[in-house]
$ cat structure.cif   # mmCIF, C-alpha atoms
data_start
#
loop_
_atom_site.label_atom_id
_atom_site.label_comp_id
_atom_site.auth_asym_id
_atom_site.auth_seq_id
_atom_site.Cartn_x
_atom_site.Cartn_y
_atom_site.Cartn_z
CA MET A 1 -74.82 -46.67 131.46
CA TYR A 2 -73.96 -44.04 134.06
CA GLY A 3 -71.49 -43.64 136.91
CA GLN A 4 -73.94 -45.20 139.35
CA ASP A 5 -74.37 -48.96 139.09
CA ILE A 6 -77.97 -49.98 138.41
CA HIS A 7 -77.49 -53.28 140.21
CA GLU A 8 -76.25 -51.49 143.32
CA PHE A 9 -79.26 -49.18 143.16
CA ILE A 10 -81.63 -52.16 142.98
CA ARG A 11 -79.92 -53.98 145.86
CA LEU A 12 -80.11 -50.91 148.10
CA ALA A 13 -83.72 -50.22 147.15
CA LEU A 14 -84.72 -53.80 147.94
CA GLN A 15 -82.86 -53.66 151.23
CA GLU A 16 -84.77 -50.50 152.12
CA ASP A 17 -88.12 -52.08 151.28
CA VAL A 18 -87.68 -55.70 152.34
CA GLY A 19 -85.38 -55.43 155.34
CA ASP A 20 -85.27 -58.81 157.09
CA GLY A 21 -88.21 -60.16 155.12
CA ASP A 22 -91.58 -59.54 153.47
CA HIS A 23 -93.40 -60.85 156.51
CA THR A 24 -96.88 -60.42 155.07
CA SER A 25 -96.11 -62.74 152.16
CA LEU A 26 -94.09 -65.09 154.35
CA ALA A 27 -97.02 -65.34 156.76
CA THR A 28 -99.81 -65.82 154.23
CA ILE A 29 -98.37 -67.55 151.16
CA PRO A 30 -96.69 -70.98 151.15
CA PRO A 31 -93.06 -70.89 149.97
CA PHE A 32 -93.83 -73.34 147.17
CA ALA A 33 -96.80 -71.35 145.78
CA MET A 34 -96.46 -70.30 142.14
CA GLY A 35 -98.27 -67.43 140.47
CA ARG A 36 -98.30 -65.00 137.59
CA ALA A 37 -99.04 -61.30 137.24
CA ARG A 38 -99.58 -58.68 134.56
CA LEU A 39 -98.32 -55.11 134.60
CA LEU A 40 -101.40 -53.12 133.67
CA VAL A 41 -101.42 -49.62 132.20
CA LYS A 42 -104.08 -47.34 133.69
CA ASP A 43 -102.94 -44.07 132.13
CA THR A 44 -101.89 -42.50 128.84
CA GLY A 45 -98.30 -41.60 128.05
CA ILE A 46 -94.86 -43.02 127.25
CA LEU A 47 -93.72 -46.25 128.85
CA ALA A 48 -90.38 -46.29 130.64
CA GLY A 49 -88.64 -48.58 133.10
CA VAL A 50 -89.28 -51.93 131.45
CA GLU A 51 -85.57 -52.76 131.39
CA VAL A 52 -85.27 -51.71 135.02
CA ALA A 53 -88.21 -53.95 135.93
CA GLN A 54 -86.50 -56.93 134.28
CA LEU A 55 -83.38 -56.29 136.34
CA ILE A 56 -85.41 -55.99 139.55
CA PHE A 57 -87.24 -59.27 138.96
CA ALA A 58 -83.93 -60.99 138.19
CA GLU A 59 -82.32 -59.60 141.35
CA VAL A 60 -85.23 -60.77 143.52
CA ASP A 61 -85.42 -64.22 141.93
CA PRO A 62 -83.49 -65.36 138.85
CA GLU A 63 -86.14 -68.06 138.33
CA LEU A 64 -88.90 -65.55 137.60
CA LYS A 65 -89.94 -65.58 133.95
CA VAL A 66 -90.68 -62.16 132.50
CA GLU A 67 -92.32 -61.65 129.11
CA VAL A 68 -92.02 -58.10 127.80
CA LEU A 69 -94.99 -57.09 125.68
CA LEU A 70 -94.24 -53.36 125.30
CA GLN A 71 -90.77 -51.83 125.08
CA ASP A 72 -89.46 -48.66 126.68
CA GLY A 73 -90.49 -45.61 124.66
CA THR A 74 -93.80 -47.09 123.52
CA ALA A 75 -96.88 -44.86 123.53
CA ILE A 76 -99.33 -46.47 125.94
CA GLN A 77 -102.97 -46.09 126.95
CA LYS A 78 -105.30 -47.45 129.59
CA GLY A 79 -105.81 -51.19 129.20
CA ASP A 80 -102.40 -52.01 127.73
CA ILE A 81 -100.31 -54.77 129.29
CA ALA A 82 -96.63 -53.92 129.48
CA LEU A 83 -95.29 -57.26 130.69
CA THR A 84 -96.13 -60.46 132.47
CA VAL A 85 -94.17 -62.28 135.16
CA GLU A 86 -94.48 -65.87 136.32
CA GLY A 87 -92.87 -67.85 139.14
CA SER A 88 -92.73 -67.81 142.93
CA SER A 89 -95.67 -65.85 144.32
CA GLN A 90 -93.55 -64.62 147.22
CA SER A 91 -90.88 -63.37 144.82
CA ILE A 92 -93.39 -61.54 142.63
CA LEU A 93 -94.80 -59.74 145.67
CA LYS A 94 -91.33 -58.87 146.96
CA ALA A 95 -90.48 -57.19 143.64
CA GLU A 96 -93.88 -55.59 143.03
CA ARG A 97 -93.53 -52.23 144.78
CA LEU A 98 -90.00 -51.46 143.58
CA VAL A 99 -90.97 -52.34 140.00
CA LEU A 100 -94.01 -50.07 140.15
CA ASN A 101 -92.25 -47.21 141.93
CA CYS A 102 -89.55 -47.15 139.26
CA MET A 103 -91.81 -47.63 136.24
CA GLN A 104 -94.48 -45.17 137.34
CA ARG A 105 -91.97 -42.40 138.03
CA MET A 106 -89.90 -43.14 134.93
CA SER A 107 -92.98 -43.27 132.69
CA GLY A 108 -94.16 -39.92 134.02
CA ILE A 109 -90.78 -38.38 133.26
CA ALA A 110 -90.60 -39.95 129.80
CA THR A 111 -94.13 -38.75 129.02
CA TYR A 112 -93.44 -35.11 129.93
CA THR A 113 -90.05 -35.21 128.23
CA ARG A 114 -91.57 -36.52 125.00
CA SER A 115 -94.22 -33.77 125.06
CA LEU A 116 -91.49 -31.09 125.20
CA ALA A 117 -89.16 -32.81 122.75
CA ASP A 118 -92.00 -33.00 120.22
CA LEU A 119 -92.43 -29.22 120.41
CA ILE A 120 -88.94 -28.63 119.00
CA THR A 121 -88.37 -31.80 117.00
CA ASP A 122 -88.20 -29.88 113.71
CA LEU A 123 -85.62 -27.39 115.00
CA PRO A 124 -81.81 -27.81 115.25
CA CYS A 125 -81.99 -27.57 119.03
CA LYS A 126 -81.69 -30.40 121.56
CA LEU A 127 -83.57 -30.78 124.83
CA LEU A 128 -81.36 -31.33 127.90
CA ASP A 129 -82.13 -32.61 131.38
CA THR A 130 -80.43 -31.34 134.56
CA ARG A 131 -79.13 -32.48 137.96
CA LYS A 132 -82.44 -31.53 139.59
CA THR A 133 -83.17 -35.15 140.38
CA THR A 134 -84.32 -37.25 143.34
CA PRO A 135 -81.35 -38.26 145.53
CA ASN A 136 -80.25 -41.85 144.83
CA PHE A 137 -82.78 -42.15 141.99
CA ARG A 138 -80.90 -40.11 139.39
CA ILE A 139 -79.88 -43.18 137.39
CA CYS A 140 -83.53 -44.00 136.65
CA GLU A 141 -84.62 -40.40 136.11
CA LYS A 142 -81.81 -39.67 133.65
CA TRP A 143 -82.61 -42.95 131.89
CA ALA A 144 -86.25 -41.88 131.61
CA THR A 145 -85.44 -38.51 130.04
CA ARG A 146 -83.42 -40.31 127.37
CA ILE A 147 -86.33 -42.62 126.67
CA GLY A 148 -88.54 -39.55 126.32
CA GLY A 149 -86.26 -37.94 123.76
CA ALA A 150 -83.95 -35.64 125.73
CA VAL A 151 -80.16 -35.65 125.78
CA ASN A 152 -78.50 -36.21 129.13
CA HIS A 153 -76.52 -33.20 130.28
CA ARG A 154 -73.74 -33.95 132.76
CA TYR A 155 -74.64 -36.85 135.03
CA ALA A 156 -73.05 -35.45 138.18
CA LEU A 157 -70.47 -33.04 139.54
CA TYR A 158 -67.54 -35.19 138.49
CA ASP A 159 -67.99 -35.48 134.72
CA MET A 160 -67.95 -31.81 133.64
CA ILE A 161 -66.98 -28.35 134.86
CA LEU A 162 -70.09 -26.18 134.87
CA ILE A 163 -69.31 -22.73 136.26
CA LYS A 164 -72.56 -21.22 137.52
CA ASP A 165 -73.32 -17.85 139.09
CA ASN A 166 -72.27 -18.85 142.61
CA HIS A 167 -68.98 -20.25 141.31
CA VAL A 168 -68.32 -16.97 139.49
CA ASP A 169 -69.11 -14.92 142.59
CA TYR A 170 -67.02 -17.09 144.92
CA ALA A 171 -64.11 -17.27 142.47
CA GLY A 172 -63.92 -13.49 142.11
CA GLY A 173 -65.45 -13.03 138.68
CA ILE A 174 -65.73 -14.62 135.27
CA GLU A 175 -62.09 -14.24 134.26
CA ALA A 176 -60.87 -15.67 137.56
CA ALA A 177 -63.29 -18.61 137.37
CA LEU A 178 -62.35 -19.58 133.82
CA THR A 179 -58.63 -19.13 134.43
CA LYS A 180 -58.74 -21.23 137.59
CA ALA A 181 -60.81 -23.94 135.89
CA ASN A 182 -58.30 -24.27 133.06
CA ALA A 183 -55.38 -24.31 135.48
CA TYR A 184 -57.09 -27.01 137.54
CA LEU A 185 -57.56 -29.26 134.51
CA LYS A 186 -53.93 -28.81 133.52
CA GLU A 187 -52.66 -29.50 137.03
CA THR A 188 -54.81 -32.59 137.55
CA GLY A 189 -54.55 -33.97 134.03
CA ARG A 190 -58.31 -34.27 133.74
CA ASP A 191 -60.06 -34.07 130.38
CA LEU A 192 -63.36 -32.34 131.18
CA GLN A 193 -65.42 -29.90 129.18
CA ILE A 194 -66.00 -26.43 130.61
CA GLU A 195 -69.35 -24.66 130.46
CA ILE A 196 -70.06 -21.27 132.02
CA GLU A 197 -73.34 -19.61 132.91
CA VAL A 198 -73.94 -15.94 132.17
CA ARG A 199 -76.75 -13.80 133.56
CA ASN A 200 -76.75 -10.92 131.09
CA LEU A 201 -75.17 -9.61 127.91
CA ALA A 202 -72.39 -7.82 129.78
CA GLU A 203 -71.27 -11.10 131.34
CA LEU A 204 -71.50 -12.74 127.94
CA ASP A 205 -69.18 -10.13 126.45
CA GLU A 206 -66.67 -10.80 129.22
CA VAL A 207 -66.84 -14.55 128.60
CA LEU A 208 -66.23 -14.02 124.90
CA ARG A 209 -63.22 -11.85 125.72
CA VAL A 210 -61.74 -14.29 128.24
CA GLY A 211 -62.50 -17.18 125.89
CA GLU A 212 -59.89 -15.82 123.51
CA THR A 213 -57.17 -17.13 125.86
CA GLN A 214 -58.94 -19.78 127.97
CA SER A 215 -60.49 -23.08 126.95
CA LEU A 216 -64.30 -23.04 126.90
CA HIS A 217 -66.80 -25.47 125.39
CA ARG A 218 -70.31 -24.10 125.99
CA ILE A 219 -72.11 -20.99 127.23
CA MET A 220 -75.30 -21.19 129.28
CA LEU A 221 -77.65 -18.22 128.88
CA ASP A 222 -79.66 -18.16 132.10
CA ASN A 223 -83.03 -16.39 132.42
CA PHE A 224 -82.54 -14.24 129.34
CA SER A 225 -85.48 -12.52 127.68
CA PHE A 226 -86.26 -13.65 124.14
CA ASP A 227 -84.75 -10.46 122.70
CA ASP A 228 -81.56 -10.80 124.75
CA MET A 229 -81.35 -14.50 123.87
CA ARG A 230 -81.43 -13.70 120.16
CA GLU A 231 -78.83 -10.98 120.65
CA ALA A 232 -76.64 -13.35 122.66
CA VAL A 233 -76.75 -15.97 119.92
CA ARG A 234 -75.81 -13.28 117.41
CA ARG A 235 -72.84 -12.17 119.50
CA VAL A 236 -71.59 -15.73 120.06
CA ASN A 237 -71.88 -16.28 116.31
CA LYS A 238 -71.46 -20.07 116.58
CA LYS A 239 -68.06 -19.76 118.25
CA TYR A 240 -69.41 -21.84 121.12
CA PRO A 241 -72.52 -23.98 121.53
CA THR A 242 -75.20 -22.10 123.46
CA GLU A 243 -77.70 -23.37 126.02
CA ALA A 244 -80.87 -21.61 127.16
CA SER A 245 -81.96 -22.28 130.74
CA GLY A 246 -84.15 -20.89 133.49
CA GLY A 247 -87.81 -21.76 134.06
CA ILE A 248 -88.41 -23.02 130.53
CA ASN A 249 -91.66 -24.93 130.05
CA GLU A 250 -94.10 -26.09 127.40
CA GLN A 251 -95.31 -22.53 126.80
CA THR A 252 -91.85 -21.07 126.16
CA ILE A 253 -89.58 -23.86 124.94
CA ARG A 254 -90.24 -23.42 121.24
CA THR A 255 -89.70 -19.66 121.31
CA TYR A 256 -86.40 -20.13 123.13
CA ALA A 257 -85.35 -22.80 120.65
CA GLU A 258 -86.25 -20.50 117.77
CA CYS A 259 -83.80 -17.93 119.16
CA GLY A 260 -81.05 -20.07 117.65
CA VAL A 261 -79.58 -21.77 120.73
CA ASP A 262 -78.13 -25.26 120.36
CA PHE A 263 -79.63 -26.60 123.59
CA VAL A 264 -82.54 -25.91 125.91
CA SER A 265 -82.32 -27.33 129.43
CA VAL A 266 -85.43 -27.99 131.51
CA GLY A 267 -85.20 -28.93 135.18
CA ALA A 268 -88.92 -29.66 135.31
CA LEU A 269 -88.33 -32.86 133.34
CA THR A 270 -87.43 -34.51 136.62
CA HIS A 271 -88.50 -32.26 139.49
CA GLN A 272 -92.11 -31.45 138.59
CA VAL A 273 -93.55 -34.60 137.07
CA LYS A 274 -96.67 -36.66 137.85
CA SER A 275 -96.15 -40.41 137.84
CA LEU A 276 -98.18 -42.55 135.45
CA ASP A 277 -100.71 -44.97 136.93
CA LEU A 278 -99.55 -48.58 136.56
CA SER A 279 -100.36 -51.68 138.59
CA LEU A 280 -99.19 -55.28 138.90
CA LYS A 281 -102.11 -57.66 139.22
CA ALA A 282 -102.28 -61.42 139.72
CA TRP A 283 -104.18 -63.31 137.02
#
$ encode --input "structure.cif" --output "structure tokens"
Amino acid sequence: MYGQDIHEFIRLALQEDVGDGDHTSLATIPPFAMGRARLLVKDTGILAGVEVAQLIFAEVDPELKVEVLLQDGTAIQKGDIALTVEGSSQSILKAERLVLNCMQRMSGIATYTRSLADLITDLPCKLLDTRKTTPNFRICEKWATRIGGAVNHRYALYDMILIKDNHVDYAGGIEAALTKANAYLKETGRDLQIEIEVRNLAELDEVLRVGETQSLHRIMLDNFSFDDMREAVRRVNKKYPTEASGGINEQTIRTYAECGVDFVSVGALTHQVKSLDLSLKAW
């Protein structure tokens, strides 16, 4: 799905949590004991992480039997049962915390993402996520934003050239940054899209000028006022896709989208989200 392997993520997460053994379960529960558990919903929102949970249970013990009752993307409420699992009691307990950590966080992200996506669903503008993710958990967080209705922006540094303000300043200006980026792609034979961030209308005008001779695929309009955003879209005149960014939230997203941009990116989808309350209970 992404550059990071989900199976590798699960193995490393289990290694972090289990170490040389779940000694509480090993000490208190016979190895032959069998049990079953239900994943209970204790909150309202959008469910995410069911597929991840299945992979975790399978990694811990291929003999565990999981029955999925609610799919990823389902609207949930308190009292719903997302899935059941049956098999070795020790295995269920070993998988429990990683399953819940992933599903609670992913469901919180999917819930907030859906709430923003719904605000612009009738407009020709797509909601994007960002790289503002938890280290080593990006694969699940990006997955969750997709479940919630966003479009994944670049996954990481390696799959796109995104020239931001610091790149421009370090490179010696907009023209130098774009020229060097194009030369780099030609020299290395890489086929990557180029996006550049602009901070004001003057920088936008320079990008449009330089874009006459250099390859460019998208322009990011960062922290523009609504009036300047509308003027920027007018000046671009559909020559390049445009992206609004910078502190956009539920109060402002629709107005930005109505300015005519093609994309609105929101870092808060992944860096300012409350997890949903879920639990795994024996029954």
$ resolve_selection --input "structure.cif" --expression "the PyMOL selection byres ((chain A and resi 220-237) around 10)" --output "PyMOL selection string"
chain A and resi 162-165+195-205+207-208+218-219+238-248+252+255-265
$ resolve_selection --input "structure.cif" --expression "the PyMOL selection byres ((chain A and resi 9-15) around 12)" --output "ChimeraX atom specification"
/A:2-8,16-22,52-60,91,93-99,101-102,135-140
$ residues_around --input "structure.cif" --residues "Ala150 of chain A" --least-positions-apart "2" --cutoff "10 Å" --atoms "all atoms listed in the file" --output "list of chain:residue names"
A:Ala110, A:Thr113, A:Arg114, A:Leu116, A:Ala117, A:Lys126, A:Leu127, A:Leu128, A:Asp129, A:Lys142, A:Trp143, A:Ala144, A:Thr145, A:Arg146, A:Ile147, A:Gly148, A:Asn152, A:His153, A:Val264, A:Ser265, A:Val266, A:Leu269
$ atom_distance --input "structure.cif" --atom1 "atom CA of Gly35 of chain A" --atom2 "atom CA of Met106 of chain A"
26.3 Å
$ closest_residue --input "structure.cif" --among "A:Asp191, A:Glu175, A:Asp277, A:Asp72" --to "Gly211 of chain A" --atoms "only C-alpha atoms"
A:Glu175
$ build_atoms --input "structure.cif" --residues "segment 30-56 of chain A" --atoms "N, CA, C and O atoms" --output "mmCIF file, in the coordinates of the input"
data_model
loop_
_atom_site.group_PDB
_atom_site.id
_atom_site.type_symbol
_atom_site.label_atom_id
_atom_site.label_comp_id
_atom_site.auth_asym_id
_atom_site.auth_seq_id
_atom_site.Cartn_x
_atom_site.Cartn_y
_atom_site.Cartn_z
ATOM 1 N N PRO A 30 -97.649 -69.879 151.019
ATOM 2 C CA PRO A 30 -96.690 -70.980 151.150
ATOM 3 C C PRO A 30 -95.453 -70.735 150.278
ATOM 4 O O PRO A 30 -95.561 -70.159 149.181
ATOM 5 N N PRO A 31 -94.288 -71.132 150.717
ATOM 6 C CA PRO A 31 -93.060 -70.890 149.970
ATOM 7 C C PRO A 31 -93.030 -71.552 148.600
ATOM 8 O O PRO A 31 -92.304 -71.111 147.710
ATOM 9 N N PHE A 32 -93.816 -72.608 148.437
ATOM 10 C CA PHE A 32 -93.830 -73.340 147.170
ATOM 11 C C PHE A 32 -94.901 -72.822 146.199
ATOM 12 O O PHE A 32 -95.017 -73.304 145.070
ATOM 13 N N ALA A 33 -95.709 -71.851 146.627
ATOM 14 C CA ALA A 33 -96.800 -71.350 145.780
ATOM 15 C C ALA A 33 -96.251 -70.651 144.554
ATOM 16 O O ALA A 33 -95.301 -69.867 144.633
ATOM 17 N N MET A 34 -96.845 -70.928 143.408
ATOM 18 C CA MET A 34 -96.460 -70.300 142.140
ATOM 19 C C MET A 34 -97.596 -69.427 141.649
ATOM 20 O O MET A 34 -98.775 -69.715 141.871
ATOM 21 N N GLY A 35 -97.242 -68.328 140.972
ATOM 22 C CA GLY A 35 -98.270 -67.430 140.470
ATOM 23 C C GLY A 35 -97.792 -66.675 139.243
ATOM 24 O O GLY A 35 -96.658 -66.838 138.781
ATOM 25 N N ARG A 36 -98.650 -65.842 138.726
ATOM 26 C CA ARG A 36 -98.300 -65.000 137.590
ATOM 27 C C ARG A 36 -99.014 -63.657 137.746
ATOM 28 O O ARG A 36 -100.036 -63.561 138.443
ATOM 29 N N ALA A 37 -98.462 -62.642 137.125
ATOM 30 C CA ALA A 37 -99.040 -61.300 137.240
ATOM 31 C C ALA A 37 -98.818 -60.533 135.953
ATOM 32 O O ALA A 37 -97.885 -60.818 135.185
ATOM 33 N N ARG A 38 -99.688 -59.546 135.731
ATOM 34 C CA ARG A 38 -99.580 -58.680 134.560
ATOM 35 C C ARG A 38 -99.358 -57.243 135.021
ATOM 36 O O ARG A 38 -99.968 -56.803 136.002
ATOM 37 N N LEU A 39 -98.504 -56.520 134.316
ATOM 38 C CA LEU A 39 -98.320 -55.110 134.600
ATOM 39 C C LEU A 39 -99.280 -54.328 133.728
ATOM 40 O O LEU A 39 -99.119 -54.253 132.514
ATOM 41 N N LEU A 40 -100.310 -53.772 134.369
ATOM 42 C CA LEU A 40 -101.400 -53.120 133.670
ATOM 43 C C LEU A 40 -101.193 -51.614 133.580
ATOM 44 O O LEU A 40 -100.802 -50.969 134.561
ATOM 45 N N VAL A 41 -101.486 -51.066 132.418
ATOM 46 C CA VAL A 41 -101.420 -49.620 132.200
ATOM 47 C C VAL A 41 -102.796 -49.029 132.486
ATOM 48 O O VAL A 41 -103.803 -49.492 131.964
ATOM 49 N N LYS A 42 -102.815 -47.984 133.325
ATOM 50 C CA LYS A 42 -104.080 -47.340 133.690
ATOM 51 C C LYS A 42 -104.057 -45.858 133.362
ATOM 52 O O LYS A 42 -104.813 -45.074 133.926
ATOM 53 N N ASP A 43 -103.162 -45.472 132.449
ATOM 54 C CA ASP A 43 -102.940 -44.070 132.130
ATOM 55 C C ASP A 43 -102.504 -43.959 130.678
ATOM 56 O O ASP A 43 -102.276 -44.974 130.006
ATOM 57 N N THR A 44 -102.359 -42.742 130.200
ATOM 58 C CA THR A 44 -101.890 -42.500 128.840
ATOM 59 C C THR A 44 -100.543 -41.794 128.895
ATOM 60 O O THR A 44 -100.350 -40.862 129.678
ATOM 61 N N GLY A 45 -99.604 -42.259 128.059
ATOM 62 C CA GLY A 45 -98.300 -41.600 128.050
ATOM 63 C C GLY A 45 -97.248 -42.420 127.330
ATOM 64 O O GLY A 45 -97.548 -43.149 126.382
ATOM 65 N N ILE A 46 -95.999 -42.303 127.814
ATOM 66 C CA ILE A 46 -94.860 -43.020 127.250
ATOM 67 C C ILE A 46 -94.335 -43.992 128.300
ATOM 68 O O ILE A 46 -94.066 -43.601 129.440
ATOM 69 N N LEU A 47 -94.178 -45.227 127.931
ATOM 70 C CA LEU A 47 -93.720 -46.250 128.850
ATOM 71 C C LEU A 47 -92.211 -46.163 129.064
ATOM 72 O O LEU A 47 -91.446 -46.012 128.113
ATOM 73 N N ALA A 48 -91.801 -46.272 130.322
ATOM 74 C CA ALA A 48 -90.380 -46.290 130.640
ATOM 75 C C ALA A 48 -90.152 -47.142 131.881
ATOM 76 O O ALA A 48 -91.020 -47.223 132.757
ATOM 77 N N GLY A 49 -88.988 -47.775 131.944
ATOM 78 C CA GLY A 49 -88.640 -48.580 133.100
ATOM 79 C C GLY A 49 -88.801 -50.076 132.908
ATOM 80 O O GLY A 49 -88.617 -50.842 133.859
ATOM 81 N N VAL A 50 -89.116 -50.498 131.703
ATOM 82 C CA VAL A 50 -89.280 -51.930 131.450
ATOM 83 C C VAL A 50 -87.962 -52.675 131.688
ATOM 84 O O VAL A 50 -87.930 -53.738 132.327
ATOM 85 N N GLU A 51 -86.868 -52.107 131.182
ATOM 86 C CA GLU A 51 -85.570 -52.760 131.390
ATOM 87 C C GLU A 51 -85.195 -52.796 132.865
ATOM 88 O O GLU A 51 -84.615 -53.769 133.352
ATOM 89 N N VAL A 52 -85.528 -51.730 133.582
ATOM 90 C CA VAL A 52 -85.270 -51.710 135.020
ATOM 91 C C VAL A 52 -86.094 -52.787 135.713
ATOM 92 O O VAL A 52 -85.596 -53.498 136.594
ATOM 93 N N ALA A 53 -87.345 -52.929 135.332
ATOM 94 C CA ALA A 53 -88.210 -53.950 135.930
ATOM 95 C C ALA A 53 -87.624 -55.347 135.732
ATOM 96 O O ALA A 53 -87.634 -56.178 136.653
ATOM 97 N N GLN A 54 -87.110 -55.618 134.535
ATOM 98 C CA GLN A 54 -86.500 -56.930 134.280
ATOM 99 C C GLN A 54 -85.327 -57.176 135.227
ATOM 100 O O GLN A 54 -85.160 -58.290 135.740
ATOM 101 N N LEU A 55 -84.529 -56.147 135.451
ATOM 102 C CA LEU A 55 -83.380 -56.290 136.340
ATOM 103 C C LEU A 55 -83.822 -56.494 137.791
ATOM 104 O O LEU A 55 -83.195 -57.252 138.536
ATOM 105 N N ILE A 56 -84.898 -55.836 138.183
ATOM 106 C CA ILE A 56 -85.410 -55.990 139.550
ATOM 107 C C ILE A 56 -85.916 -57.414 139.767
ATOM 108 O O ILE A 56 -85.591 -58.071 140.772
#
